[in-house]
Amino acid sequence: VQLQASGGGLVQAGGSLRLSCAVSGRPFSMTVVNWYRRPPGKQRDLVATSHTGGYGSYTDSMKGRATISRDNAKNTVYLQMNSLEPEDTAVYYCNTRINNWDYWGQGTLVTVSS
């Protein structure tokens with residue numbers, strides 16, 4: 001299983017970014033995909049989950065400002081982030097867990113300037 005994250009960059013506070021996670025090596029429709037982030041000097045925390053039924057769930061970290069979605073035809077999960085704040089600066093990782101084994105994408109850096 002391979003995950004390829006992309007879409008990070010530099011954005012001003014209040015701006016938006018859309019991250020993408022392309023998944024290969026496994027039937028996508030059966031794959032739960034998570035987005036995590038690791039701010040500088042902090043631990044990696046869960047942001048949102050794309051479930052196989054197509055719905056998303058969110059932690060409090062970006063609730064109301066992020067929308068997770070999936071395109072089964074493209075084997076890709078998206079994380080749309082709006083109203084970005086400097087505190088959202090982090091490396092964002094996509095992840096899936098299969099048989100208690102975690103697979104990680106390489107991470108994509110999001111930097112929010114004030």
# chains A, B, ... in the order shown; residues from 1 in each chain; ligands from 1
>>> residues_around(residues="Gly25 of chain A", least_positions_apart="4", cutoff="9 Å", atoms="only C-alpha atoms", output="ChimeraX atom specification")
/A:1-3
>>> write_last_selection(atoms="C-alpha atoms", output="mmCIF file, in the first residue's frame")
data_model
loop_
_atom_site.group_PDB
_atom_site.id
_atom_site.type_symbol
_atom_site.label_atom_id
_atom_site.label_comp_id
_atom_site.auth_asym_id
_atom_site.auth_seq_id
_atom_site.Cartn_x
_atom_site.Cartn_y
_atom_site.Cartn_z
ATOM 1 C CA VAL A 1 0.000 0.000 0.000
ATOM 2 C CA GLN A 2 1.347 3.431 -0.910
ATOM 3 C CA LEU A 3 0.054 6.871 -0.056
#
>>> residues_around(residues="Cys94 of chain A", least_positions_apart="5", cutoff="9 Å", atoms="only C-alpha atoms", output="mmCIF file with N, CA, C and O atoms, in the first residue's frame")
data_model
loop_
_atom_site.group_PDB
_atom_site.id
_atom_site.type_symbol
_atom_site.label_atom_id
_atom_site.label_comp_id
_atom_site.auth_asym_id
_atom_site.auth_seq_id
_atom_site.Cartn_x
_atom_site.Cartn_y
_atom_site.Cartn_z
ATOM 1 N N LEU A 3 0.817 5.638 -0.139
ATOM 2 C CA LEU A 3 0.054 6.871 -0.056
ATOM 3 C C LEU A 3 0.967 8.019 -0.471
ATOM 4 O O LEU A 3 2.114 8.096 -0.025
ATOM 5 N N GLN A 4 0.441 8.902 -1.288
ATOM 6 C CA GLN A 4 1.205 10.034 -1.795
ATOM 7 C C GLN A 4 0.446 11.313 -1.458
ATOM 8 O O GLN A 4 -0.612 11.566 -2.040
ATOM 9 N N ALA A 5 0.998 12.092 -0.536
ATOM 10 C CA ALA A 5 0.365 13.343 -0.119
ATOM 11 C C ALA A 5 0.931 14.503 -0.922
ATOM 12 O O ALA A 5 2.130 14.535 -1.247
ATOM 13 N N SER A 20 -4.145 16.623 -1.038
ATOM 14 C CA SER A 20 -4.572 15.404 -1.715
ATOM 15 C C SER A 20 -3.756 14.229 -1.215
ATOM 16 O O SER A 20 -2.573 14.381 -0.902
ATOM 17 N N CYS A 21 -4.383 13.075 -1.158
ATOM 18 C CA CYS A 21 -3.699 11.844 -0.793
ATOM 19 C C CYS A 21 -4.108 10.772 -1.788
ATOM 20 O O CYS A 21 -5.254 10.321 -1.784
ATOM 21 N N VAL A 33 -9.020 6.334 5.204
ATOM 22 C CA VAL A 33 -7.848 7.192 5.121
ATOM 23 C C VAL A 33 -7.961 8.313 6.149
ATOM 24 O O VAL A 33 -8.991 8.963 6.257
ATOM 25 N N ASN A 34 -6.873 8.502 6.870
ATOM 26 C CA ASN A 34 -6.803 9.546 7.883
ATOM 27 C C ASN A 34 -5.835 10.642 7.459
ATOM 28 O O ASN A 34 -4.854 10.371 6.777
ATOM 29 N N TRP A 35 -6.112 11.842 7.912
ATOM 30 C CA TRP A 35 -5.147 12.939 7.823
ATOM 31 C C TRP A 35 -4.689 13.261 9.243
ATOM 32 O O TRP A 35 -5.513 13.493 10.128
ATOM 33 N N TYR A 36 -3.376 13.281 9.413
ATOM 34 C CA TYR A 36 -2.755 13.704 10.657
ATOM 35 C C TYR A 36 -1.918 14.949 10.361
ATOM 36 O O TYR A 36 -1.595 15.246 9.211
ATOM 37 N N ARG A 37 -1.515 15.610 11.450
ATOM 38 C CA ARG A 37 -0.570 16.701 11.282
ATOM 39 C C ARG A 37 0.382 16.746 12.477
ATOM 40 O O ARG A 37 0.020 16.364 13.579
ATOM 41 N N VAL A 77 -8.092 10.949 -1.612
ATOM 42 C CA VAL A 77 -8.792 11.622 -0.523
ATOM 43 C C VAL A 77 -8.289 13.056 -0.462
ATOM 44 O O VAL A 77 -7.086 13.306 -0.602
ATOM 45 N N TYR A 103 0.287 2.601 7.495
ATOM 46 C CA TYR A 103 0.965 3.046 6.277
ATOM 47 C C TYR A 103 0.856 4.566 6.218
ATOM 48 O O TYR A 103 -0.225 5.126 6.432
ATOM 49 N N TRP A 104 1.993 5.201 5.911
ATOM 50 C CA TRP A 104 2.035 6.666 5.921
ATOM 51 C C TRP A 104 2.497 7.202 4.576
ATOM 52 O O TRP A 104 3.389 6.643 3.939
ATOM 53 N N GLY A 105 1.891 8.326 4.198
ATOM 54 C CA GLY A 105 2.447 9.092 3.100
ATOM 55 C C GLY A 105 3.650 9.865 3.587
ATOM 56 O O GLY A 105 3.974 9.880 4.780
ATOM 57 N N GLN A 106 4.309 10.551 2.680
ATOM 58 C CA GLN A 106 5.570 11.201 3.003
ATOM 59 C C GLN A 106 5.396 12.532 3.717
ATOM 60 O O GLN A 106 6.375 13.067 4.220
ATOM 61 N N GLY A 107 4.195 13.051 3.787
ATOM 62 C CA GLY A 107 3.972 14.332 4.441
ATOM 63 C C GLY A 107 4.068 15.500 3.478
ATOM 64 O O GLY A 107 4.879 15.490 2.548
#
>>> atom_distance(atom1="atom CA of Pro40 of chain A", atom2="atom CA of Val11 of chain A")
16.6 Å
>>> closest_residue(among="A:Ile68, A:Ala73, A:Val23, A:Val110", to="Thr89 of chain A", atoms="only C-alpha atoms")
A:Val110
>>> residues_around(residues="Arg38 of chain A", least_positions_apart="3", cutoff="7 Å", atoms="only C-alpha atoms", output="ChimeraX atom specification")
/A:42-45,90-92
>>> closest_residue(among="A:Gly41, A:Asn82, A:Thr31, A:Ser50", to="Asn99 of chain A", atoms="only C-alpha atoms")
A:Thr31
